[in-house]
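Peer 1: Pasting my_file.txt here (compact mmCIF, C-alpha atoms and all ligand atoms):
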# COMPACT_ATOMS: atom_id res chain seq x y z
CA MET A 1 64.74 10.94 -28.67
CA LYS A 2 60.99 10.83 -29.23
CA LYS A 3 59.95 11.21 -32.87
CA PHE A 4 56.90 12.86 -34.46
CA LYS A 5 55.71 12.91 -38.08
CA SER A 6 55.43 16.69 -38.01
CA VAL A 7 55.56 19.76 -35.81
CA ASP A 8 51.74 19.87 -35.97
CA GLU A 9 51.48 16.33 -34.63
CA LEU A 10 53.96 17.15 -31.86
CA VAL A 11 52.02 20.24 -30.77
CA ASN A 12 48.66 18.47 -30.89
CA GLN A 13 49.91 15.57 -28.79
CA LEU A 14 52.10 17.37 -26.26
CA LYS A 15 50.46 20.83 -26.06
CA PRO A 16 53.81 21.97 -24.63
CA SER A 17 53.86 24.87 -22.20
CA ASN A 18 57.65 25.28 -22.50
CA PRO A 19 59.47 26.00 -25.74
CA VAL A 20 60.23 22.85 -27.70
CA TYR A 21 63.17 22.24 -30.02
CA CYS A 22 62.82 20.07 -33.11
CA ILE A 23 65.57 18.37 -35.12
CA ARG A 24 65.13 16.96 -38.62
CA LYS A 25 67.61 14.18 -39.22
CA HIS A 26 66.75 13.84 -42.92
CA THR A 27 67.44 17.55 -43.48
CA LEU A 28 70.83 17.33 -41.80
CA GLU A 29 71.75 14.35 -43.95
CA LYS A 30 70.66 16.20 -47.07
CA ALA A 31 72.82 19.24 -46.29
CA SER A 32 75.77 17.05 -45.36
CA LYS A 33 75.53 15.04 -48.61
CA PHE A 34 75.16 18.25 -50.62
CA PHE A 35 78.40 19.65 -49.20
CA GLN A 36 80.24 16.36 -49.67
CA LYS A 37 79.06 16.05 -53.26
CA ASN A 38 79.68 19.62 -54.34
CA PHE A 39 82.62 20.89 -52.31
CA LYS A 40 85.91 19.43 -53.48
CA GLY A 41 87.92 19.40 -50.31
CA LYS A 42 87.85 18.60 -46.62
CA ILE A 43 84.79 19.65 -44.63
CA LEU A 44 85.15 20.62 -40.97
CA TYR A 45 81.88 21.13 -39.10
CA ALA A 46 82.09 24.19 -36.80
CA VAL A 47 80.94 22.63 -33.53
CA LYS A 48 79.91 25.87 -31.81
CA THR A 49 76.99 26.19 -34.24
CA ASN A 50 75.23 23.29 -32.53
CA PRO A 51 77.06 20.82 -30.27
CA ASN A 52 73.96 18.67 -29.66
CA GLU A 53 74.84 14.97 -29.49
CA PHE A 54 72.24 13.85 -32.03
CA ILE A 55 73.45 16.48 -34.51
CA LEU A 56 77.11 15.48 -34.11
CA LYS A 57 76.33 11.78 -34.50
CA THR A 58 74.15 12.35 -37.54
CA LEU A 59 76.81 14.46 -39.25
CA PHE A 60 79.53 11.93 -38.41
CA ASN A 61 77.47 9.00 -39.67
CA SER A 62 76.71 10.92 -42.87
CA GLY A 63 80.44 11.22 -43.61
CA ILE A 64 81.70 14.37 -41.88
CA ASN A 65 84.54 13.28 -39.63
CA ASN A 66 86.50 16.49 -39.13
CA PHE A 67 85.46 19.09 -36.60
CA ASP A 68 86.42 22.71 -36.07
CA ILE A 69 86.55 23.26 -32.33
CA ALA A 70 87.16 26.43 -30.34
CA SER A 71 87.55 25.21 -26.76
CA ILE A 72 88.60 22.26 -24.59
CA LYS A 73 84.97 21.60 -23.73
CA GLU A 74 84.18 21.17 -27.44
CA ILE A 75 87.08 18.70 -27.82
CA GLU A 76 85.70 16.74 -24.85
CA ILE A 77 82.25 16.61 -26.45
CA ILE A 78 83.68 15.31 -29.74
CA LYS A 79 85.93 12.76 -27.98
CA LYS A 80 82.94 11.46 -26.05
CA ILE A 81 80.35 11.38 -28.83
CA VAL A 82 82.37 10.67 -31.99
CA PRO A 83 85.78 9.50 -30.72
CA LYS A 84 87.04 8.56 -34.20
CA ALA A 85 86.68 12.13 -35.49
CA THR A 86 89.58 14.55 -35.91
CA CYS A 87 89.52 17.92 -34.16
CA HIS A 88 91.13 21.12 -35.42
CA TYR A 89 91.64 23.95 -32.95
CA MET A 90 90.67 26.93 -35.11
CA ASN A 91 90.14 29.61 -32.49
CA THR A 92 93.01 32.06 -33.09
CA VAL A 93 93.09 33.13 -29.41
CA LYS A 94 93.77 30.34 -26.91
CA SER A 95 95.24 30.16 -23.42
CA ARG A 96 98.57 28.38 -22.89
CA GLU A 97 96.83 25.86 -20.64
CA ASN A 98 94.27 25.04 -23.33
CA ILE A 99 96.88 24.68 -26.10
CA SER A 100 98.91 22.37 -23.91
CA GLU A 101 95.91 20.24 -22.94
CA ALA A 102 94.73 20.03 -26.55
CA TYR A 103 98.14 18.88 -27.77
CA PHE A 104 99.29 16.58 -24.98
CA LYS A 105 96.02 15.19 -23.68
CA TYR A 106 93.92 15.06 -26.85
CA GLY A 107 96.55 14.81 -29.59
CA ILE A 108 95.36 17.88 -31.50
CA LYS A 109 97.92 18.91 -34.13
CA SER A 110 96.24 21.71 -36.03
CA PHE A 111 95.96 25.20 -34.62
CA SER A 112 95.21 28.58 -36.10
CA LEU A 113 96.77 31.90 -35.18
CA ASP A 114 96.78 35.53 -36.31
CA THR A 115 99.67 37.05 -34.33
CA LYS A 116 103.31 36.34 -33.52
CA ASP A 117 102.43 36.25 -29.80
CA GLU A 118 99.98 33.40 -30.39
CA LEU A 119 102.63 31.53 -32.42
CA VAL A 120 105.08 31.87 -29.52
CA LYS A 121 102.42 30.57 -27.12
CA ILE A 122 101.74 27.53 -29.34
CA ILE A 123 105.47 26.70 -29.63
CA ASP A 124 106.00 27.05 -25.85
CA ALA A 125 102.84 25.23 -24.79
CA THR A 126 103.56 22.26 -27.09
CA LYS A 127 107.24 22.20 -25.98
CA ASN A 128 108.54 22.87 -29.49
CA ALA A 129 106.47 20.17 -31.11
CA LYS A 130 107.66 19.21 -34.57
CA ASP A 131 104.39 17.81 -35.91
CA LEU A 132 102.16 20.92 -35.92
CA GLU A 133 99.83 22.02 -38.70
CA LEU A 134 99.59 25.78 -38.32
CA PHE A 135 97.06 28.02 -40.04
CA VAL A 136 97.68 31.76 -40.40
CA ARG A 137 94.30 33.46 -40.49
CA ILE A 138 94.10 36.67 -42.46
CA SER A 139 91.53 39.38 -42.02
CA ILE A 140 89.41 40.07 -45.09
CA SER A 141 86.40 42.28 -45.73
CA ASN A 142 83.16 40.92 -44.24
CA GLU A 143 81.05 43.43 -46.17
CA HIS A 144 78.54 40.87 -47.46
CA ALA A 145 78.01 39.10 -44.14
CA GLU A 146 75.22 39.58 -41.62
CA ILE A 147 77.66 38.93 -38.78
CA ASP A 148 81.08 40.58 -39.12
CA LEU A 149 84.09 38.75 -37.69
CA SER A 150 86.83 40.81 -39.35
CA LYS A 151 87.46 43.23 -36.45
CA LYS A 152 88.02 40.51 -33.90
CA PHE A 153 90.06 38.01 -35.92
CA GLY A 154 92.69 37.86 -38.60
CA SER A 155 96.09 39.26 -39.36
CA LEU A 156 96.09 42.25 -41.72
CA PRO A 157 97.35 41.20 -45.15
CA ASN A 158 100.57 43.26 -44.87
CA GLU A 159 101.39 41.73 -41.49
CA ALA A 160 100.45 38.24 -42.67
CA VAL A 161 103.49 38.09 -44.99
CA GLY A 162 105.97 38.25 -42.10
CA LEU A 163 103.81 36.06 -39.89
CA LEU A 164 103.53 33.34 -42.56
CA ARG A 165 107.32 33.30 -43.08
CA LEU A 166 107.90 32.96 -39.36
CA THR A 167 105.17 30.37 -38.81
CA LYS A 168 106.50 28.24 -41.69
CA GLN A 169 109.73 27.68 -39.72
CA TYR A 170 107.83 26.00 -36.88
CA ALA A 171 105.18 24.08 -38.79
CA LYS A 172 105.28 20.60 -40.26
CA LYS A 173 102.46 21.73 -42.51
CA ILE A 174 101.37 25.27 -43.17
CA GLY A 175 97.98 26.67 -44.06
CA LEU A 176 96.33 30.00 -44.81
CA SER A 177 92.78 30.71 -43.73
CA PHE A 178 90.07 33.38 -43.64
CA HIS A 179 86.43 33.76 -42.67
CA VAL A 180 84.09 35.87 -44.81
CA GLY A 181 81.71 36.50 -41.85
CA SER A 182 78.58 34.54 -41.01
CA GLN A 183 75.58 34.39 -43.36
CA CYS A 184 77.65 35.71 -46.26
CA MET A 185 75.23 36.85 -48.94
CA HIS A 186 77.59 37.00 -51.93
CA PRO A 187 80.12 34.49 -53.32
CA ILE A 188 82.43 37.36 -54.30
CA SER A 189 83.66 37.48 -50.68
CA TYR A 190 85.29 34.07 -51.15
CA GLU A 191 86.84 35.24 -54.43
CA LYS A 192 88.34 38.26 -52.67
CA GLY A 193 89.63 36.14 -49.77
CA ILE A 194 91.27 33.66 -52.13
CA ALA A 195 92.82 36.49 -54.19
CA GLU A 196 94.22 37.96 -50.97
CA ILE A 197 95.78 34.62 -50.13
CA GLY A 198 97.23 34.51 -53.67
CA THR A 199 98.97 37.84 -53.06
CA ILE A 200 100.51 36.58 -49.83
CA ILE A 201 101.69 33.38 -51.54
CA LYS A 202 103.34 35.44 -54.30
CA LYS A 203 105.07 37.76 -51.84
CA THR A 204 106.39 35.00 -49.60
CA LYS A 205 106.95 32.34 -52.30
CA ILE A 206 105.65 29.89 -49.70
CA SER A 207 103.34 27.31 -51.20
CA PRO A 208 100.85 26.32 -48.52
CA ASP A 209 99.84 22.74 -47.75
CA TYR A 210 96.32 23.96 -47.01
CA ILE A 211 93.99 26.76 -47.99
CA ASN A 212 91.11 27.03 -45.53
CA ILE A 213 88.24 29.18 -46.77
CA GLY A 214 86.38 29.02 -43.45
CA GLY A 215 82.63 29.12 -42.87
CA GLY A 216 80.09 31.80 -43.69
CA PHE A 217 78.00 29.81 -46.17
CA PRO A 218 74.46 31.17 -45.91
CA SER A 219 71.16 29.65 -44.94
CA ILE A 220 67.84 30.97 -46.25
CA TYR A 221 65.62 33.43 -44.34
CA PRO A 222 62.52 35.35 -45.47
CA ASP A 223 64.54 38.54 -46.05
CA LEU A 224 67.90 36.89 -46.87
CA ILE A 225 67.54 34.71 -49.92
CA PRO A 226 70.99 33.76 -51.15
CA GLN A 227 72.13 32.41 -54.48
CA SER A 228 72.47 28.66 -54.75
CA LEU A 229 75.37 27.21 -52.77
CA LYS A 230 76.56 25.71 -56.06
CA LYS A 231 77.33 29.27 -57.21
CA TYR A 232 79.48 29.72 -54.12
CA PHE A 233 81.36 26.48 -54.81
CA GLU A 234 81.85 27.39 -58.48
CA LYS A 235 83.24 30.79 -57.53
CA ILE A 236 85.61 29.19 -55.03
CA LYS A 237 86.82 26.62 -57.56
CA LYS A 238 87.44 29.28 -60.20
CA SER A 239 89.23 31.60 -57.78
CA LEU A 240 91.52 28.79 -56.66
CA ALA A 241 92.30 27.86 -60.27
CA ASN A 242 93.18 31.52 -60.91
CA LEU A 243 96.00 31.30 -58.37
CA ARG A 244 97.78 28.93 -60.78
CA LEU A 245 99.66 27.24 -57.98
CA GLU A 246 102.23 24.65 -59.01
CA LYS A 247 101.74 22.53 -55.93
CA LYS A 248 98.00 22.13 -55.30
CA PRO A 249 97.14 22.69 -51.65
CA GLU A 250 94.42 20.73 -49.89
CA ILE A 251 91.25 22.85 -49.64
CA ILE A 252 89.32 23.04 -46.38
CA CYS A 253 86.01 24.63 -45.47
CA GLU A 254 84.38 25.05 -42.05
CA PRO A 255 80.62 25.39 -42.50
CA GLY A 256 78.38 25.83 -39.48
CA ARG A 257 75.11 27.56 -40.26
CA ALA A 258 74.64 26.20 -43.81
CA LEU A 259 74.99 22.60 -42.63
CA VAL A 260 72.62 22.67 -39.69
CA ALA A 261 70.32 25.74 -39.64
CA GLU A 262 67.52 24.21 -41.69
CA SER A 263 67.41 21.08 -39.60
CA GLY A 264 66.06 22.79 -36.49
CA SER A 265 62.93 24.61 -35.40
CA THR A 266 61.86 26.19 -32.13
CA VAL A 267 58.18 25.90 -31.27
CA VAL A 268 56.96 28.75 -29.04
CA LYS A 269 53.65 29.50 -27.38
CA VAL A 270 52.02 32.92 -27.27
CA ILE A 271 51.61 34.06 -23.64
CA LEU A 272 50.06 37.46 -24.37
CA ARG A 273 49.24 39.64 -27.33
CA LYS A 274 49.46 43.46 -27.14
CA LYS A 275 48.38 44.71 -30.56
CA GLN A 276 51.26 43.74 -32.92
CA LYS A 277 53.50 42.64 -30.07
CA LEU A 278 53.55 38.93 -29.25
CA TYR A 279 54.91 37.88 -25.85
CA ILE A 280 56.24 34.35 -26.35
CA ASN A 281 57.82 31.72 -24.09
CA ASP A 282 61.32 31.75 -25.65
CA GLY A 283 63.61 34.69 -26.40
CA THR A 284 67.11 36.07 -26.76
CA TYR A 285 68.23 34.39 -23.52
CA GLY A 286 66.88 31.13 -24.92
CA SER A 287 67.31 29.87 -28.47
CA LEU A 288 66.38 33.15 -30.19
CA PHE A 289 69.55 35.18 -29.54
CA ASP A 290 70.08 35.93 -33.25
CA GLY A 291 66.57 37.38 -33.44
CA GLY A 292 67.69 40.06 -30.98
CA VAL A 293 70.46 42.52 -31.80
CA PRO A 294 71.66 40.63 -34.92
CA ASN A 295 68.00 40.95 -36.03
CA LEU A 296 67.79 37.76 -38.03
CA VAL A 297 64.22 37.14 -39.14
CA TYR A 298 63.34 33.47 -38.74
CA PRO A 299 60.70 32.01 -41.05
CA SER A 300 57.54 31.64 -38.98
CA LYS A 301 54.46 29.46 -39.27
CA ILE A 302 51.37 29.21 -37.08
CA ILE A 303 50.33 25.74 -35.88
CA THR A 304 46.61 25.78 -36.46
CA ASN A 305 45.50 23.15 -33.96
CA GLY A 306 42.14 23.04 -35.74
CA ARG A 307 41.35 26.70 -35.14
CA ILE A 308 40.22 28.88 -38.06
CA ILE A 309 43.16 31.00 -39.07
CA SER A 310 42.77 34.28 -40.90
CA LYS A 311 44.20 34.50 -44.41
CA LYS A 312 45.09 38.13 -43.77
CA MET A 313 48.70 38.41 -42.66
CA THR A 314 50.29 40.99 -40.44
CA ALA A 315 53.82 41.81 -39.19
CA TYR A 316 54.55 41.18 -35.51
CA ASP A 317 57.49 41.72 -33.23
CA PHE A 318 58.29 39.29 -30.44
CA TYR A 319 59.09 39.73 -26.76
CA GLY A 320 60.70 36.90 -24.78
CA PRO A 321 59.67 35.68 -21.32
CA THR A 322 62.37 37.33 -19.15
CA CYS A 323 62.07 40.68 -17.34
CA ASP A 324 64.74 42.26 -19.53
CA SER A 325 64.13 44.73 -22.35
CA MET A 326 66.94 43.21 -24.48
CA ASP A 327 64.71 40.15 -24.70
CA TYR A 328 63.15 41.57 -27.85
CA MET A 329 63.07 40.36 -31.43
CA LYS A 330 62.19 43.03 -33.94
CA GLY A 331 61.34 40.77 -36.84
CA PRO A 332 59.11 41.52 -38.71
CA PHE A 333 57.55 38.07 -38.25
CA VAL A 334 54.67 37.71 -40.70
CA LEU A 335 51.74 35.68 -39.33
CA PRO A 336 47.94 35.60 -39.61
CA ASN A 337 46.29 38.69 -38.10
CA ASN A 338 44.17 36.72 -35.60
CA VAL A 339 47.05 35.18 -33.61
CA LYS A 340 46.02 35.00 -29.96
CA GLU A 341 47.14 33.82 -26.56
CA GLY A 342 47.70 30.05 -26.47
CA ASP A 343 48.64 29.76 -30.16
CA TYR A 344 51.80 27.89 -31.13
CA ILE A 345 54.29 29.25 -33.65
CA GLU A 346 57.07 27.32 -35.37
CA LEU A 347 60.24 29.34 -35.99
CA GLY A 348 62.63 27.86 -38.56
CA GLN A 349 66.36 27.87 -39.38
CA LEU A 350 67.23 27.35 -35.71
CA GLY A 351 69.29 24.19 -36.09
CA GLY A 352 72.34 26.48 -35.89
CA TYR A 353 72.94 29.21 -33.33
CA GLY A 354 69.77 28.23 -31.44
CA LEU A 355 70.06 25.46 -28.83
CA THR A 356 73.64 26.50 -28.19
CA PHE A 357 72.67 29.96 -26.89
CA ARG A 358 70.22 28.92 -24.15
CA THR A 359 70.77 30.32 -20.66
CA GLN A 360 68.98 29.88 -17.33
CA PHE A 361 68.42 33.64 -17.03
CA ASN A 362 65.37 34.54 -14.99
CA GLY A 363 64.51 30.87 -14.47
CA PHE A 364 63.43 30.23 -18.04
CA TYR A 365 65.05 27.19 -19.65
CA SER A 366 63.78 24.30 -21.69
CA ASN A 367 65.61 21.18 -22.78
CA ASP A 368 62.69 19.53 -24.56
CA ILE A 369 64.16 18.25 -27.82
CA TYR A 370 62.35 15.99 -30.30
CA GLU A 371 62.88 14.59 -33.75
CA VAL A 372 60.39 15.54 -36.46
CA GLU A 373 60.07 14.19 -40.00
CA ASP A 374 58.34 16.99 -41.89
CA LYS A 375 60.01 19.53 -44.16
CA PRO A 376 61.59 22.75 -42.89
CA ILE A 377 59.58 25.94 -43.49
CA MET A 378 62.19 27.11 -46.02
CA SER A 379 64.96 25.13 -47.70
CA MET A 380 68.03 25.74 -49.84
CA TYR A 381 68.45 22.06 -50.54
CA ASP A 382 65.01 21.27 -51.98
CA ASN A 383 65.96 20.96 -55.64
CA ASP A 384 68.16 23.91 -54.89
CA ILE A 385 65.14 26.26 -55.00
CA SER A 386 67.15 29.28 -53.97
CA SER A 387 68.59 29.50 -57.49
CA GLU A 388 65.07 30.46 -58.68
CA PHE A 389 65.48 33.66 -56.74
CA LEU A 390 68.77 34.44 -58.40
CA VAL A 391 68.93 38.10 -59.35
CA ALA A 392 70.23 38.19 -62.88
C1 LIG B 401 81.91 30.18 -36.31
C2 LIG B 401 83.00 29.70 -37.17
C3 LIG B 401 82.71 28.97 -38.32
C4 LIG B 401 81.30 28.70 -38.82
O1 LIG B 401 80.74 29.85 -39.32
P1 LIG B 401 79.33 29.81 -40.09
O2 LIG B 401 79.13 31.23 -40.46
O3 LIG B 401 78.31 29.31 -39.14
O4 LIG B 401 79.48 28.92 -41.28
C5 LIG B 401 83.78 28.50 -39.07
N1 LIG B 401 85.07 28.74 -38.71
C6 LIG B 401 85.39 29.44 -37.60
C7 LIG B 401 86.81 29.64 -37.26
C8 LIG B 401 84.36 29.95 -36.80
O5 LIG B 401 84.68 30.65 -35.72
Translate this file's structure into C-alpha cells.
Peer 2:
Amino acid sequence: MKKFKSVDELVNQLKPSNPVYCIRKHTLEKASKFFQKNFKGKILYAVKTNPNEFILKTLFNSGINNFDIASIKEIEIIKKIVPKATCHYMNTVKSRENISEAYFKYGIKSFSLDTKDELVKIIDATKNAKDLELFVRISISNEHAEIDLSKKFGSLPNEAVGLLRLTKQYAKKIGLSFHVGSQCMHPISYEKGIAEIGTIIKKTKISPDYINIGGGFPSIYPDLIPQSLKKYFEKIKKSLANLRLEKKPEIICEPGRALVAESGSTVVKVILRKKQKLYINDGTYGSLFDGGVPNLVYPSKIITNGRIISKKMTAYDFYGPTCDSMDYMKGPFVLPNNVKEGDYIELGQLGGYGLTFRTQFNGFYSNDIYEVEDKPIMSMYDNDISSEFLVA
C-alpha cells in the first residue's frame, strides 16, 4: 500500500477525483496497545467493523489474536489473512449449514445463542459435539448507545435463566454475554449488564467459565465526546468484583469501533455547492452510511491545497453522488464558509463502519486505499484527552 506523510500530501500529489480511504497504522497500534494494557481479559476484534487485510494484519501483529466473526465469509478472511488467529462465532442467528461448516471445516468451537431453537440447531449441526463453548446472550437496555441492538438480539433476562440451565447441559464451557449497543456513551450500561448477569448466576447457581461484555466502546465525534475509556474499564472491573463470584470467570470483550474508528479517514471532493448543501463524491452507499439515517457527525477538515481559507465557519449538510434521496448526510459538518467546488474534505473516524459499507450502487465505487502517517482529526488515545471533557 502506498504511503504518504499526511492527508494533505496525498491530496496535493494525487488530486484524486474518486473518494480516497486512508489508514493510519500507528493509530491502530496505539488503540490496540491501549486495550491490551488496560482491559484485563481476552480481546476479540469484531471483524465486521472493518475486514480490510491491512487492518487485520496490523491488529494481529500488535497482539490481538482472537476475532469475533458473524459469517462464513468472515472466517474465510481470517483463515486466509491471519491463519493462526482464533475465531468465535458470535452471531446469535446462524443457518444450520453455516454452523456445520464453521465447526467441521474451520474448527470453530465457540458459538453464541439467545433462544432454545438456536441451541437445538447448534447441537444438531455439530452432531452433538462435546467440545463446544456456548455463550447465552442476554438482552439489556441500550439506552446510552447511538445504535440500539437490544430489539434484535438477546434473550430476556427471565427467559435466560431456563436457557442457561439447558445450554449448560450441552456445553463443555459456558459463557454469558451482552452488548450495550454501539457507541455507548456511558459506562453505567456495562455496570447494568454485569449486574443482570449476576442475577442470572444467582438464580441458576451456574458459575460461568466466561463473561463476555461485548463491544460498544465509544469513539470520539464532534458531538459525542465520551469519558475516558479508562473510566469504562474501571466501572467494568468494579462491577465484576461486586458479583463476588467464588470461581473467577475469564472476561472477554469484543470491541469494534473503539479499536479502529480513529485509524481511518475518507477524503471526499466537492462536486457542487448549493448554498449550505455540499454535493460530494462519496455518500451513504459508499463509506458514509453512518452519516445517513444513524446521523453520526464525522469530524471534518478542509484540505487547503494552498488556497486562502476563510476563518469564518459554517454548518453544511452533505449529499452523496447517487441519484437517491437517502444519499444524504445531515451533519452538521462545520467547515470554512468559502468551501467551493473542487475542494477536498477529510472526514475522520471512518476506520470502522466505513470501508465495509461500500456498494456499487449507481456505478459509484472507489477502492483507493492508502496509508498516511499524520494524526487523526480527533483522538481518544492522545494522552487520553477525552478525560478533559469529563462532565463532573
Ligand atoms: C458489532 C458487534 C460488536 C462490535 O461492536 P462495536 O460497537 O463496534 O464495538 C461486538 N460484538 C458483536 C456480537 C457485534 O455484533
Peer 1: What residues have any atom no more than 10 Å from ligand LIG 401 (chain B) when counting all atoms listed in the file, and can you list them as a JSON list (two decimals) with C-alpha atoms, in the frame of the given file?
Peer 2:
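Done, and the output landed in selection-v6.json:
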[["chain", "number", "residue", "atom", "x", "y", "z"],
["A", 44, "LEU", "CA", 85.15, 20.62, -40.97],
["A", 45, "TYR", "CA", 81.88, 21.13, -39.10],
["A", 46, "ALA", "CA", 82.09, 24.19, -36.80],
["A", 47, "VAL", "CA", 80.94, 22.63, -33.53],
["A", 48, "LYS", "CA", 79.91, 25.87, -31.81],
["A", 49, "THR", "CA", 76.99, 26.19, -34.24],
["A", 50, "ASN", "CA", 75.23, 23.29, -32.53],
["A", 67, "PHE", "CA", 85.46, 19.09, -36.60],
["A", 68, "ASP", "CA", 86.42, 22.71, -36.07],
["A", 69, "ILE", "CA", 86.55, 23.26, -32.33],
["A", 70, "ALA", "CA", 87.16, 26.43, -30.34],
["A", 88, "HIS", "CA", 91.13, 21.12, -35.42],
["A", 89, "TYR", "CA", 91.64, 23.95, -32.95],
["A", 90, "MET", "CA", 90.67, 26.93, -35.11],
["A", 91, "ASN", "CA", 90.14, 29.61, -32.49],
["A", 92, "THR", "CA", 93.01, 32.06, -33.09],
["A", 112, "SER", "CA", 95.21, 28.58, -36.10],
["A", 137, "ARG", "CA", 94.30, 33.46, -40.49],
["A", 145, "ALA", "CA", 78.01, 39.10, -44.14],
["A", 146, "GLU", "CA", 75.22, 39.58, -41.62],
["A", 147, "ILE", "CA", 77.66, 38.93, -38.78],
["A", 148, "ASP", "CA", 81.08, 40.58, -39.12],
["A", 149, "LEU", "CA", 84.09, 38.75, -37.69],
["A", 153, "PHE", "CA", 90.06, 38.01, -35.92],
["A", 177, "SER", "CA", 92.78, 30.71, -43.73],
["A", 178, "PHE", "CA", 90.07, 33.38, -43.64],
["A", 179, "HIS", "CA", 86.43, 33.76, -42.67],
["A", 180, "VAL", "CA", 84.09, 35.87, -44.81],
["A", 181, "GLY", "CA", 81.71, 36.50, -41.85],
["A", 182, "SER", "CA", 78.58, 34.54, -41.01],
["A", 183, "GLN", "CA", 75.58, 34.39, -43.36],
["A", 184, "CYS", "CA", 77.65, 35.71, -46.26],
["A", 212, "ASN", "CA", 91.11, 27.03, -45.53],
["A", 213, "ILE", "CA", 88.24, 29.18, -46.77],
["A", 214, "GLY", "CA", 86.38, 29.02, -43.45],
["A", 215, "GLY", "CA", 82.63, 29.12, -42.87],
["A", 216, "GLY", "CA", 80.09, 31.80, -43.69],
["A", 217, "PHE", "CA", 78.00, 29.81, -46.17],
["A", 218, "PRO", "CA", 74.46, 31.17, -45.91],
["A", 219, "SER", "CA", 71.16, 29.65, -44.94],
["A", 253, "CYS", "CA", 86.01, 24.63, -45.47],
["A", 254, "GLU", "CA", 84.38, 25.05, -42.05],
["A", 255, "PRO", "CA", 80.62, 25.39, -42.50],
["A", 256, "GLY", "CA", 78.38, 25.83, -39.48],
["A", 257, "ARG", "CA", 75.11, 27.56, -40.26],
["A", 258, "ALA", "CA", 74.64, 26.20, -43.81],
["A", 259, "LEU", "CA", 74.99, 22.60, -42.63],
["A", 260, "VAL", "CA", 72.62, 22.67, -39.69],
["A", 261, "ALA", "CA", 70.32, 25.74, -39.64],
["A", 352, "GLY", "CA", 72.34, 26.48, -35.89],
["A", 353, "TYR", "CA", 72.94, 29.21, -33.33]]
Peer 1: With all atoms listed in the file as the atoms that count, which of A:Lys79, A:Lys173, A:Arg165, A:Lys274 lies nearest to A:Ser110?
Peer 2: A:Lys173
Peer 1: Find, counting all atoms listed in the file, the residue in A:Met185, A:Met378, A:Leu156, A:Ala85 that gets nearest to A:Pro226.
Peer 2: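 Comparing A:Met185, A:Met378, A:Leu156, A:Ala85 against A:Pro226, the winner is A:Met185.
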Peer 1: Could you give me, as a PDB file with C-alpha atoms, in the frame of the given file, the residues within 8 Å of A:Ser300, counting all atoms listed in the file and dropping anything in the same chain fewer than 4 positions from it?
Peer 2:
ATOM      1  CA  PHE A 333      57.550  38.070 -38.250  1.00  0.00           C
ATOM      2  CA  VAL A 334      54.670  37.710 -40.700  1.00  0.00           C
ATOM      3  CA  LEU A 335      51.740  35.680 -39.330  1.00  0.00           C
ATOM      4  CA  ILE A 345      54.290  29.250 -33.650  1.00  0.00           C
ATOM      5  CA  GLU A 346      57.070  27.320 -35.370  1.00  0.00           C
ATOM      6  CA  LEU A 347      60.240  29.340 -35.990  1.00  0.00           C
ATOM      7  CA  GLY A 348      62.630  27.860 -38.560  1.00  0.00           C
ATOM      8  CA  ILE A 377      59.580  25.940 -43.490  1.00  0.00           C
TER       9      ILE A 377
END
Peer 1: Rounded to one decimal place, report the atom CA of A:Lys235-atom CA of A:Ser189 distance in Å.
Peer 2: 9.6 Å
Peer 1: Would you please work out which residue, of A:Asn128, A:Ser310, A:Thr266, A:Asn295, is nearest to A:Pro19 when using only C-alpha atoms?
Peer 2: A:Thr266
Peer 1: Please determine, counting all atoms listed in the file, which residue among A:Gly175, A:Pro51, A:Pro187, A:Gly331 has the shortest atom-to-atom distance to A:Ser207.
Peer 2: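 The answer is A:Gly175, which sits nearest to A:Ser207.
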Peer 1: What gap, in Å, lies between atom CA of A:Asn65 and atom CA of A:Ile140?
Peer 2: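 Distance between the two atoms: 27.8 Å.
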Peer 1: In Å to one decimal, how far is atom CA of A:Leu59 from atom CA of A:Thr27?
Peer 2: 10.7 Å
Peer 1: Excluding same-chain residues fewer than 3 positions from A:Ser379, what lies within 7 Å of it counting all atoms listed in the file, as a list in words?
Peer 2: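 The contact residues come out as Ile220, Glu262, Pro376 and Asp382 of chain A.
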Peer 1: Measuring atom to atom with all atoms listed in the file, identify which of A:Phe35, A:Tyr190, A:Phe289, A:Tyr279 is nearest to A:Asp343.
Peer 2: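 Checking each candidate against A:Asp343, we get A:Tyr279 as the closest.
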Peer 1: Pick from A:Leu350, A:Lys230, A:Gly41, A:Lys105: nearest to A:Tyr210, with all atoms listed in the file counted?
Peer 2: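 Of A:Leu350, A:Lys230, A:Gly41, A:Lys105, the one nearest A:Tyr210 is A:Gly41, counting all atoms listed in the file.
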Peer 1: With a distance cut-off of 7 Å and only C-alpha atoms, select the neighbouring residues of A:Tyr328, excluding the residue or stretch itself and same-chain residues fewer than 2 positions from it, and output the selection as a PyMOL selection string.
Peer 2: chain A and resi 284+292+318-320+325-326+330
Peer 1: If we count only C-alpha atoms, what is near stretch 241-244 of chain A at a cut-off of 9 Å, once residues fewer than 2 positions away on the same chain are taken out, given as a ChimeraX atom specification?
Peer 2: /A:194-195,197-199,236-239,246-248
Peer 1: Please identify all polymer residues within 7 Å of A:Pro157, counting all atoms listed in the file, omitting same-chain residues fewer than 4 positions from it, and present them as a ChimeraX atom specification.
Peer 2: /A:138-139,161
